[in-house]
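Structure file work-v5.cif with mmCIF, C-alpha atoms:
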```
data_run
#
loop_
_atom_site.label_atom_id
_atom_site.label_comp_id
_atom_site.auth_asym_id
_atom_site.auth_seq_id
_atom_site.Cartn_x
_atom_site.Cartn_y
_atom_site.Cartn_z
CA MET Z 6 115.86 93.47 99.45
CA THR Z 7 112.56 91.97 100.60
CA ASN Z 8 109.41 91.86 98.55
CA PHE Z 9 107.05 94.64 99.70
CA LEU Z 10 104.16 92.19 99.20
CA SER Z 11 105.51 89.77 101.83
CA LYS Z 12 104.09 91.76 104.77
CA ASP Z 13 100.61 90.60 105.81
CA ARG Z 14 100.72 88.06 103.00
CA SER Z 15 97.14 86.76 103.19
CA ARG Z 16 95.56 90.22 103.04
CA ASN Z 17 97.97 91.35 100.32
CA SER Z 18 97.18 88.24 98.27
CA HIS Z 19 93.45 89.04 98.37
CA LEU Z 20 93.99 92.67 97.35
CA LEU Z 21 96.50 91.81 94.64
CA LYS Z 22 94.09 89.31 93.05
CA LYS Z 23 91.38 91.96 93.14
CA TYR Z 24 93.55 94.59 91.46
CA ILE Z 25 94.81 92.17 88.80
CA SER Z 26 91.27 90.98 88.04
CA VAL Z 27 89.97 94.54 87.71
CA TYR Z 28 92.72 95.52 85.28
CA LEU Z 29 92.34 92.35 83.23
CA SER Z 30 88.57 92.94 83.06
CA GLU Z 31 88.61 96.64 82.21
CA ARG Z 32 92.01 97.62 80.79
CA PRO Z 33 94.55 96.28 78.26
CA ALA Z 34 96.29 93.21 79.70
CA PHE Z 35 99.78 94.73 79.76
CA MET Z 36 98.67 97.11 82.53
CA SER Z 37 98.22 94.12 84.85
CA PHE Z 38 102.00 93.84 85.03
CA ILE Z 39 102.41 97.25 86.65
CA ARG Z 40 99.19 98.89 87.86
CA PRO Z 41 98.25 96.26 90.50
CA LEU Z 42 101.71 96.66 92.06
CA GLU Z 43 101.19 100.42 92.19
CA ALA Z 44 97.71 99.97 93.61
CA MET Z 45 99.21 97.82 96.37
CA LEU Z 46 101.88 100.40 97.17
CA PHE Z 47 99.44 103.31 97.32
CA HIS Z 48 97.04 101.21 99.41
CA GLN Z 49 99.80 100.23 101.85
CA HIS Z 50 100.65 103.90 102.36
CA LYS Z 51 97.14 105.27 102.93
CA ARG Z 52 98.25 106.32 106.40
CA PHE Z 53 100.11 109.26 104.87
CA LEU Z 54 96.95 110.75 103.33
CA ARG Z 55 95.68 113.90 105.00
CA SER Z 56 93.00 116.17 103.55
CA PRO Z 57 92.97 118.08 101.35
CA VAL Z 58 94.44 115.61 98.85
CA LEU Z 59 95.44 116.46 95.27
CA ASP Z 60 95.81 113.82 92.54
CA PHE Z 61 98.50 115.26 90.27
CA GLY Z 62 97.84 114.04 86.71
CA CYS Z 63 94.54 112.39 87.58
CA GLY Z 64 93.67 111.25 84.04
CA ASP Z 65 90.35 109.40 83.91
CA GLY Z 66 90.38 108.69 87.66
CA PHE Z 67 90.33 104.91 87.16
CA PHE Z 68 93.37 104.19 89.34
CA ALA Z 69 92.35 106.56 92.14
CA HIS Z 70 88.83 105.13 92.17
CA LEU Z 71 90.19 101.59 92.44
CA VAL Z 72 92.49 102.38 95.37
CA TYR Z 73 90.54 105.06 97.27
CA GLY Z 74 86.92 104.88 96.11
CA LYS Z 75 84.59 107.83 95.44
CA ASN Z 76 84.87 111.30 96.97
CA LYS Z 77 87.94 110.46 99.06
CA ILE Z 78 90.20 112.82 97.10
CA GLN Z 79 89.36 116.50 97.12
CA ILE Z 80 91.09 117.64 93.92
CA GLY Z 81 92.01 116.03 90.61
CA LEU Z 82 94.52 117.98 88.48
CA GLU Z 83 94.96 117.40 84.75
CA VAL Z 84 96.24 119.31 81.72
CA ALA Z 85 93.61 121.33 79.92
CA ASN Z 86 93.73 119.35 76.67
CA SER Z 87 93.31 115.90 78.23
CA PRO Z 88 90.38 113.99 76.70
CA ARG Z 89 90.11 111.67 79.73
CA VAL Z 90 88.93 114.18 82.31
CA HIS Z 91 85.29 113.66 81.32
CA GLU Z 92 85.56 110.02 82.44
CA ALA Z 93 86.87 111.14 85.83
CA GLU Z 94 83.88 113.45 86.16
CA LYS Z 95 81.50 110.59 85.39
CA ARG Z 96 83.16 108.37 88.01
CA ASN Z 97 82.69 111.06 90.66
CA VAL Z 98 86.12 110.27 92.08
CA TYR Z 99 87.09 113.85 92.91
CA LYS Z 100 85.15 116.60 94.65
CA LYS Z 101 86.49 118.97 92.01
CA ILE Z 102 88.77 118.78 88.98
CA LEU Z 103 91.20 121.54 88.04
CA LEU Z 104 92.61 121.98 84.56
CA TYR Z 105 95.99 123.65 84.11
CA ASP Z 106 98.64 124.54 81.53
CA GLY Z 107 101.01 121.73 82.52
CA VAL Z 108 103.37 124.13 84.29
CA SER Z 109 101.83 126.33 86.99
CA VAL Z 110 99.43 124.64 89.42
CA PRO Z 111 96.43 126.96 90.03
CA LEU Z 112 96.49 126.65 93.82
CA LYS Z 113 97.80 128.84 96.63
CA SER Z 114 101.06 128.02 98.39
CA ASN Z 115 100.73 125.79 101.47
CA SER Z 116 97.15 124.84 100.58
CA VAL Z 117 97.32 121.04 100.16
CA GLN Z 118 98.17 118.43 102.76
CA THR Z 119 98.90 115.46 100.45
CA VAL Z 120 99.74 115.03 96.78
CA ILE Z 121 99.45 111.64 95.09
CA SER Z 122 100.69 110.95 91.57
CA ASN Z 123 100.89 107.60 89.81
CA CYS Z 124 103.41 107.26 86.96
CA VAL Z 125 103.00 110.86 85.78
CA PHE Z 126 106.34 112.57 86.43
CA GLU Z 127 108.23 110.69 83.71
CA HIS Z 128 105.84 112.13 81.11
CA ILE Z 129 106.53 115.77 82.03
CA PRO Z 130 109.23 117.64 80.04
CA ARG Z 131 109.85 120.34 82.68
CA ILE Z 132 109.68 117.97 85.60
CA SER Z 133 111.92 120.04 87.93
CA GLN Z 134 109.45 122.92 87.76
CA SER Z 135 106.50 120.58 88.39
CA VAL Z 136 108.16 119.10 91.47
CA GLU Z 137 108.88 122.63 92.73
CA GLU Z 138 105.22 123.52 92.18
CA ILE Z 139 104.14 120.49 94.21
CA TYR Z 140 106.51 121.51 96.97
CA ARG Z 141 105.07 125.05 96.88
CA ILE Z 142 101.42 124.04 97.25
CA LEU Z 143 102.09 121.49 100.00
CA LYS Z 144 101.71 122.51 103.63
CA LYS Z 145 104.65 122.06 105.97
CA ASP Z 146 105.08 118.37 106.86
CA GLY Z 147 102.75 117.48 103.97
CA TYR Z 148 103.44 114.44 101.83
CA CYS Z 149 103.92 113.74 98.15
CA ILE Z 150 103.33 110.06 97.34
CA THR Z 151 104.41 109.14 93.84
CA SER Z 152 105.47 106.32 91.55
CA VAL Z 153 107.83 106.84 88.61
CA MET Z 154 109.38 104.80 85.83
CA THR Z 155 113.19 104.64 85.94
CA SER Z 156 115.80 104.53 83.20
CA ASP Z 157 116.30 100.81 83.98
CA TRP Z 158 113.05 100.26 82.08
CA SER Z 159 114.91 100.91 78.83
CA ARG Z 160 117.46 98.22 79.58
CA MET Z 161 114.94 95.66 80.84
CA MET Z 162 112.57 95.73 77.84
CA TRP Z 163 112.13 92.47 75.98
CA GLY Z 164 112.63 94.29 72.69
CA THR Z 165 115.91 95.89 73.83
CA LYS Z 166 117.44 92.45 74.24
CA PHE Z 167 116.80 91.64 70.58
CA PHE Z 168 116.86 95.02 68.85
CA GLY Z 169 119.09 97.15 71.06
CA LYS Z 170 118.86 100.76 72.18
CA LYS Z 171 116.97 101.90 69.10
CA TYR Z 172 114.00 99.81 70.22
CA ALA Z 173 114.09 101.36 73.71
CA GLU Z 174 114.24 104.85 72.22
CA TRP Z 175 111.31 104.08 69.94
CA LEU Z 176 109.07 102.64 72.67
CA ASN Z 177 109.92 105.39 75.14
CA SER Z 178 108.99 107.90 72.46
CA ARG Z 179 105.68 106.10 71.91
CA GLN Z 180 105.04 106.13 75.65
CA GLU Z 181 105.93 109.84 75.83
CA HIS Z 182 108.65 109.35 78.44
CA GLU Z 183 110.06 112.87 78.60
CA SER Z 184 111.90 112.57 81.93
CA LEU Z 185 113.15 109.02 82.40
CA PHE Z 186 115.74 109.14 85.18
CA SER Z 187 117.66 106.60 87.21
CA ARG Z 188 116.42 105.88 90.72
CA LYS Z 189 119.36 107.86 92.09
CA GLN Z 190 118.58 110.82 89.82
CA TRP Z 191 114.92 110.84 90.91
CA GLY Z 192 116.04 111.00 94.53
CA LYS Z 193 118.43 113.84 93.77
CA LEU Z 194 115.66 115.76 91.96
CA PHE Z 195 113.27 115.42 94.91
CA ARG Z 196 115.89 116.45 97.48
CA LYS Z 197 116.91 119.45 95.38
CA ALA Z 198 113.30 120.69 95.47
CA GLY Z 199 113.43 120.53 99.28
CA PHE Z 200 111.79 117.15 99.96
CA LYS Z 201 112.91 114.58 102.48
CA ILE Z 202 112.63 111.00 101.20
CA VAL Z 203 110.67 109.09 103.84
CA GLU Z 204 110.38 105.83 101.90
CA GLU Z 205 111.70 104.48 98.60
CA ILE Z 206 110.59 101.12 97.15
CA GLY Z 207 111.62 99.62 93.82
CA TYR Z 208 109.09 97.55 91.91
CA VAL Z 209 108.79 95.82 88.49
CA ASP Z 210 111.90 93.68 88.34
CA GLU Z 211 113.54 92.56 85.10
CA LYS Z 212 111.44 89.42 84.61
CA THR Z 213 108.20 91.34 85.12
CA ALA Z 214 109.44 94.18 82.89
CA LYS Z 215 110.02 91.79 79.99
CA TRP Z 216 106.50 90.37 80.25
CA PHE Z 217 105.17 93.91 80.59
CA ASP Z 218 106.89 94.85 77.33
CA LEU Z 219 105.77 91.72 75.45
CA PHE Z 220 102.14 92.17 76.51
CA HIS Z 221 102.06 95.60 74.89
CA TYR Z 222 101.77 93.69 71.61
CA LEU Z 223 99.55 90.89 72.92
CA SER Z 224 97.14 93.61 74.06
CA LEU Z 225 96.64 95.10 70.60
CA PRO Z 226 93.10 93.61 70.29
CA SER Z 227 92.10 95.86 73.21
CA LEU Z 228 93.03 98.91 71.18
CA ILE Z 229 90.77 97.73 68.36
CA THR Z 230 87.81 97.06 70.66
CA TYR Z 231 88.26 100.46 72.29
CA LYS Z 232 88.23 102.25 68.95
CA LEU Z 233 85.13 100.33 67.85
CA PHE Z 234 83.13 100.06 71.08
CA LYS Z 235 84.80 102.43 73.58
CA ARG Z 236 85.60 99.44 75.75
CA TRP Z 237 89.07 97.97 76.28
CA VAL Z 238 87.77 94.48 77.04
CA LEU Z 239 84.64 92.95 75.49
CA LEU Z 240 84.86 89.49 77.10
CA PRO Z 241 86.42 89.87 80.57
CA TRP Z 242 86.09 86.17 81.39
CA MET Z 243 88.64 85.33 78.69
CA HIS Z 244 91.41 86.95 80.71
CA THR Z 245 90.66 85.63 84.18
CA GLY Z 246 92.69 82.47 83.56
CA ILE Z 247 95.99 84.36 83.76
CA THR Z 248 95.19 86.13 87.06
CA ARG Z 249 96.97 83.49 89.16
CA TRP Z 250 99.96 83.44 86.83
CA ILE Z 251 100.40 87.24 87.07
CA GLU Z 252 99.91 87.11 90.84
CA ALA Z 253 102.60 84.43 91.13
CA LEU Z 254 104.91 86.52 88.96
CA HIS Z 255 104.45 89.51 91.26
CA THR Z 256 104.77 87.64 94.55
CA THR Z 257 107.84 85.61 93.61
CA SER Z 258 109.67 88.57 92.06
CA GLN Z 259 110.57 92.07 93.28
CA ASN Z 260 113.68 90.99 95.21
CA GLU Z 261 116.28 92.55 92.92
CA ASN Z 262 118.24 95.77 93.40
CA LYS Z 263 117.36 97.13 89.96
CA HIS Z 264 113.78 97.95 89.05
CA ALA Z 265 111.96 99.52 86.12
CA ALA Z 266 109.92 101.69 88.49
CA CYS Z 267 110.18 103.21 91.94
CA PHE Z 268 107.71 104.37 94.59
CA PHE Z 269 108.53 107.38 96.79
CA VAL Z 270 107.03 108.91 99.89
CA LEU Z 271 108.29 112.49 100.17
CA ARG Z 272 107.79 114.97 102.99
CA LYS Z 273 107.99 118.75 102.86
#
```
Output the file's structure as structure tokens, nothing else.
Amino acid sequence: MTNFLSKDRSRNSHLLKKYISVYLSERPAFMSFIRPLEAMLFHQHKRFLRSPVLDFGCGDGFFAHLVYGKNKIQIGLEVANSPRVHEAEKRNVYKKILLYDGVSVPLKSNSVQTVISNCVFEHIPRISQSVEEIYRILKKDGYCITSVMTSDWSRMMWGTKFFGKKYAEWLNSRQEHESLFSRKQWGKLFRKAGFKIVEEIGYVDEKTAKWFDLFHYLSLPSLITYKLFKRWVLLPWMHTGITRWIEALHTTSQNENKHAACFFVLRK
């Protein structure tokens, strides 16, 4: 299995450095072990985007703004009780934001051309119904582009190696992983809803997953600064020194068959 970053290596290297630097400067450091990879995957598959586009589980819009810029996505969708939607509104990422009950999407059938969703599905308890809703609102030949965590994440955690399954259960509970499936099970779920899998790419190998887990704890100061100052990072320059190390980790890894996350391009 080849590394998805190996194609057009010079351009990918520039973008990857940019994404890592942004996350180290503005978000807790542990996110730099997963979000830049996702940003690369969504960027590499921009050709599948056709308007109107819906961001399913848009959150604060930070990721979408980084990859697509302002006003490139027509609709952001988020649950009604999410406190992060106000940040998305301030960023002006979406032309409009819809709030919903977490089950029924308030859009007509066959009304959206593309749905994007970054690491949202694993947090949804009734995920089968949500995938069916996405299928319903998509136009024929429309695309759903999504990334998901897989059940291999539980096995690959640094803490699981030392503390066993109880640690994995605890962290998954903290991360609100309600639907953590194997890569095969995700594929089966999507096909059952009616989707054709156009592309499937694993990312976050075991080495990266262990660093990702460890940096959850090394990033605790970010939680403190956010609570005190509403900023995750007060001194961005302090983190820039590890940009090259994280980039090297990403570019020399990703060649394994098992991954803690998977990226799918689905077609209706």
inquiry  = Just checking: using only C-alpha atoms, which residue out of Z:Pro226, Z:Gly147, Z:Gly207, Z:Gly81 ends up closest to Leu54 of chain Z?
reply    = Z:Gly147
Selection: 12 Å around Lys235 of chain Z, all atoms listed in the file, excl. self and same-chain fewer than 5 positions, as a compact mmCIF listing (two decimals) with C-alpha atoms, in the frame of the given file:
```
# COMPACT_ATOMS: atom_id res chain seq x y z
CA GLU Z 31 88.61 96.64 82.21
CA ARG Z 32 92.01 97.62 80.79
CA GLU Z 92 85.56 110.02 82.44
CA SER Z 227 92.10 95.86 73.21
CA LEU Z 228 93.03 98.91 71.18
CA ILE Z 229 90.77 97.73 68.36
CA THR Z 230 87.81 97.06 70.66
```
Please determine an axis-aligned box that encloses all atoms of segment 228-241 of chain Z listed in the file, with 4 Å added on each side, and express its centre and edge lengths in Å to one decimal as JSON.
```
{"center_x": 88.1, "center_y": 96.0, "center_z": 74.2, "size_x": 17.9, "size_y": 20.9, "size_z": 20.7}
```
Nearest to Pro88 of chain Z, chosen from Z:His70, Z:Glu138, Z:Cys124, Z:Cys63, with all atoms listed in the file counted in the distances =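 Under the stated criterion, the closest residue is Z:Cys63.
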task = To one decimal in Å, tell me the separation between atom CA of Val270 of chain Z and atom CA of Glu174 of chain Z.
result = 28.9 Å
inquiry  = Give me the residues near segment 252-254 of chain Z as a VMD selection string, where near means some atom within 12 Å (using all atoms listed in the file) and where sequence neighbours in that chain fewer than 4 positions away do not count.
reply    = chain Z and resid 8 10 17 to 26 29 37 to 39 41 to 42 209 to 217 245 to 248 258 to 260
task = Extract, using only C-alpha atoms, all DNA, RNA and protein residues at most 12 Å from Lys273 of chain Z, discarding same-chain residues fewer than 6 positions from it, and format them as a list in words.
result = Asn115, Val117, Gln118, Thr119, Val120, Val136, Glu137, Ile139, Tyr140, Arg141, Ile142, Leu143, Lys144, Lys145, Asp146, Gly147, Tyr148, Cys149, Ile150, Phe195, Arg196, Lys197, Ala198, Gly199, Phe200, Lys201, Ile202 and Val203 of chain Z
For the selection just defined, write its residues with C-alpha atoms to a file, as a PDB file, in the coordinates of the input.
```
ATOM      1  CA  ASN Z 115     100.730 125.790 101.470  1.00  0.00           C
ATOM      2  CA  VAL Z 117      97.320 121.040 100.160  1.00  0.00           C
ATOM      3  CA  GLN Z 118      98.170 118.430 102.760  1.00  0.00           C
ATOM      4  CA  THR Z 119      98.900 115.460 100.450  1.00  0.00           C
ATOM      5  CA  VAL Z 120      99.740 115.030  96.780  1.00  0.00           C
ATOM      6  CA  VAL Z 136     108.160 119.100  91.470  1.00  0.00           C
ATOM      7  CA  GLU Z 137     108.880 122.630  92.730  1.00  0.00           C
ATOM      8  CA  ILE Z 139     104.140 120.490  94.210  1.00  0.00           C
ATOM      9  CA  TYR Z 140     106.510 121.510  96.970  1.00  0.00           C
ATOM     10  CA  ARG Z 141     105.070 125.050  96.880  1.00  0.00           C
ATOM     11  CA  ILE Z 142     101.420 124.040  97.250  1.00  0.00           C
ATOM     12  CA  LEU Z 143     102.090 121.490 100.000  1.00  0.00           C
ATOM     13  CA  LYS Z 144     101.710 122.510 103.630  1.00  0.00           C
ATOM     14  CA  LYS Z 145     104.650 122.060 105.970  1.00  0.00           C
ATOM     15  CA  ASP Z 146     105.080 118.370 106.860  1.00  0.00           C
ATOM     16  CA  GLY Z 147     102.750 117.480 103.970  1.00  0.00           C
ATOM     17  CA  TYR Z 148     103.440 114.440 101.830  1.00  0.00           C
ATOM     18  CA  CYS Z 149     103.920 113.740  98.150  1.00  0.00           C
ATOM     19  CA  ILE Z 150     103.330 110.060  97.340  1.00  0.00           C
ATOM     20  CA  PHE Z 195     113.270 115.420  94.910  1.00  0.00           C
ATOM     21  CA  ARG Z 196     115.890 116.450  97.480  1.00  0.00           C
ATOM     22  CA  LYS Z 197     116.910 119.450  95.380  1.00  0.00           C
ATOM     23  CA  ALA Z 198     113.300 120.690  95.470  1.00  0.00           C
ATOM     24  CA  GLY Z 199     113.430 120.530  99.280  1.00  0.00           C
ATOM     25  CA  PHE Z 200     111.790 117.150  99.960  1.00  0.00           C
ATOM     26  CA  LYS Z 201     112.910 114.580 102.480  1.00  0.00           C
ATOM     27  CA  ILE Z 202     112.630 111.000 101.200  1.00  0.00           C
ATOM     28  CA  VAL Z 203     110.670 109.090 103.840  1.00  0.00           C
TER      29      VAL Z 203
END
```
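The list of residues with at least one atom within 8 Å of Asp218 of chain Z, based on only C-alpha atoms and without residues fewer than 2 positions apart in the same chain, reads Phe35, Met162, Trp163, Gly164, Ala214, Lys215, Trp216, Phe220, His221 and Tyr222 of chain Z.
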key: For atom CA of Val58 of chain Z and atom CA of Lys101 of chain Z, the interatomic separation in Å (one decimal)   =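 For atom CA of Val58 of chain Z relative to atom CA of Lys101 of chain Z, the distance reads 11.0 Å.
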task = Might you spell out which residues the PyMOL selection byres ((chain Z and resi 47) around 9) would select in the displayed file, as a PyMOL selection string?
result = chain Z and resi 42-46+48-51+72+121+123+150-152+268
message = Here is a test: counting only C-alpha atoms, which residue of Z:Ala69, Z:Leu223, Z:Leu239, Z:Ala266 is nearest to Ala34 of chain Z?
response =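 Of Z:Ala69, Z:Leu223, Z:Leu239, Z:Ala266, the one nearest Ala34 of chain Z is Z:Leu223, counting only C-alpha atoms.
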key: Which of Z:Leu233, Z:Tyr28, Z:Arg16, Z:Ser87 sits closest to Leu71 of chain Z [using all atoms listed in the file]   = Z:Tyr28
remark   = Leu194 of chain Z proximity check over Z:Val84, Z:Leu271, Z:Ile251, Z:Val238, using all atoms listed in the file: winner is Z:Leu271
To verify the selection step, state as a PDB file with C-alpha atoms, in the frame of the given file which residues the PyMOL selection byres ((chain Z and resi 85) around 12) yields on this input.
```
ATOM      1  CA  GLY Z  62      97.840 114.040  86.710  1.00  0.00           C
ATOM      2  CA  CYS Z  63      94.540 112.390  87.580  1.00  0.00           C
ATOM      3  CA  GLY Z  64      93.670 111.250  84.040  1.00  0.00           C
ATOM      4  CA  LEU Z  82      94.520 117.980  88.480  1.00  0.00           C
ATOM      5  CA  GLU Z  83      94.960 117.400  84.750  1.00  0.00           C
ATOM      6  CA  VAL Z  84      96.240 119.310  81.720  1.00  0.00           C
ATOM      7  CA  ASN Z  86      93.730 119.350  76.670  1.00  0.00           C
ATOM      8  CA  SER Z  87      93.310 115.900  78.230  1.00  0.00           C
ATOM      9  CA  PRO Z  88      90.380 113.990  76.700  1.00  0.00           C
ATOM     10  CA  ARG Z  89      90.110 111.670  79.730  1.00  0.00           C
ATOM     11  CA  VAL Z  90      88.930 114.180  82.310  1.00  0.00           C
ATOM     12  CA  HIS Z  91      85.290 113.660  81.320  1.00  0.00           C
ATOM     13  CA  ILE Z 102      88.770 118.780  88.980  1.00  0.00           C
ATOM     14  CA  LEU Z 103      91.200 121.540  88.040  1.00  0.00           C
ATOM     15  CA  LEU Z 104      92.610 121.980  84.560  1.00  0.00           C
ATOM     16  CA  TYR Z 105      95.990 123.650  84.110  1.00  0.00           C
ATOM     17  CA  ASP Z 106      98.640 124.540  81.530  1.00  0.00           C
ATOM     18  CA  GLY Z 107     101.010 121.730  82.520  1.00  0.00           C
ATOM     19  CA  VAL Z 108     103.370 124.130  84.290  1.00  0.00           C
ATOM     20  CA  SER Z 109     101.830 126.330  86.990  1.00  0.00           C
ATOM     21  CA  VAL Z 110      99.430 124.640  89.420  1.00  0.00           C
ATOM     22  CA  PRO Z 111      96.430 126.960  90.030  1.00  0.00           C
TER      23      PRO Z 111
END
```
request  = Quote the spacing between atom CA of Lys171 of chain Z and atom CA of Lys193 of chain Z in Å to one decimal place.
outcome  =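 Separation between atom CA of Lys171 of chain Z and atom CA of Lys193 of chain Z: 27.4 Å.
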Could you add the missing atoms to segment 223-234 of chain Z, up to N, CA and C atoms, and return them as a tab-separated table (two decimals), keeping the file's coordinate frame?
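Dumped everything to rebuild20.tsv:
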```tsv
chain	number	residue	atom	x	y	z
Z	223	LEU	N	100.64	91.86	72.74
Z	223	LEU	CA	99.55	90.89	72.92
Z	223	LEU	C	98.24	91.58	73.29
Z	224	SER	N	98.34	92.84	73.68
Z	224	SER	CA	97.14	93.61	74.06
Z	224	SER	C	96.58	94.44	72.92
Z	225	LEU	N	97.12	94.31	71.74
Z	225	LEU	CA	96.64	95.10	70.60
Z	225	LEU	C	95.14	94.93	70.32
Z	226	PRO	N	94.56	93.74	70.50
Z	226	PRO	CA	93.10	93.61	70.29
Z	226	PRO	C	92.29	94.57	71.15
Z	227	SER	N	92.81	94.91	72.34
Z	227	SER	CA	92.10	95.86	73.21
Z	227	SER	C	92.01	97.23	72.57
Z	228	LEU	N	93.05	97.62	71.86
Z	228	LEU	CA	93.03	98.91	71.18
Z	228	LEU	C	91.94	98.94	70.10
Z	229	ILE	N	91.79	97.83	69.42
Z	229	ILE	CA	90.77	97.73	68.36
Z	229	ILE	C	89.37	97.81	68.96
Z	230	THR	N	89.14	97.05	70.04
Z	230	THR	CA	87.81	97.06	70.66
Z	230	THR	C	87.48	98.43	71.25
Z	231	TYR	N	88.52	99.14	71.73
Z	231	TYR	CA	88.26	100.46	72.29
Z	231	TYR	C	87.86	101.45	71.19
Z	232	LYS	N	88.54	101.36	70.06
Z	232	LYS	CA	88.23	102.25	68.95
Z	232	LYS	C	86.82	101.98	68.39
Z	233	LEU	N	86.43	100.70	68.41
Z	233	LEU	CA	85.13	100.33	67.85
Z	233	LEU	C	83.98	100.50	68.84
Z	234	PHE	N	84.23	100.13	70.10
Z	234	PHE	CA	83.13	100.06	71.08
Z	234	PHE	C	83.35	100.90	72.33
```
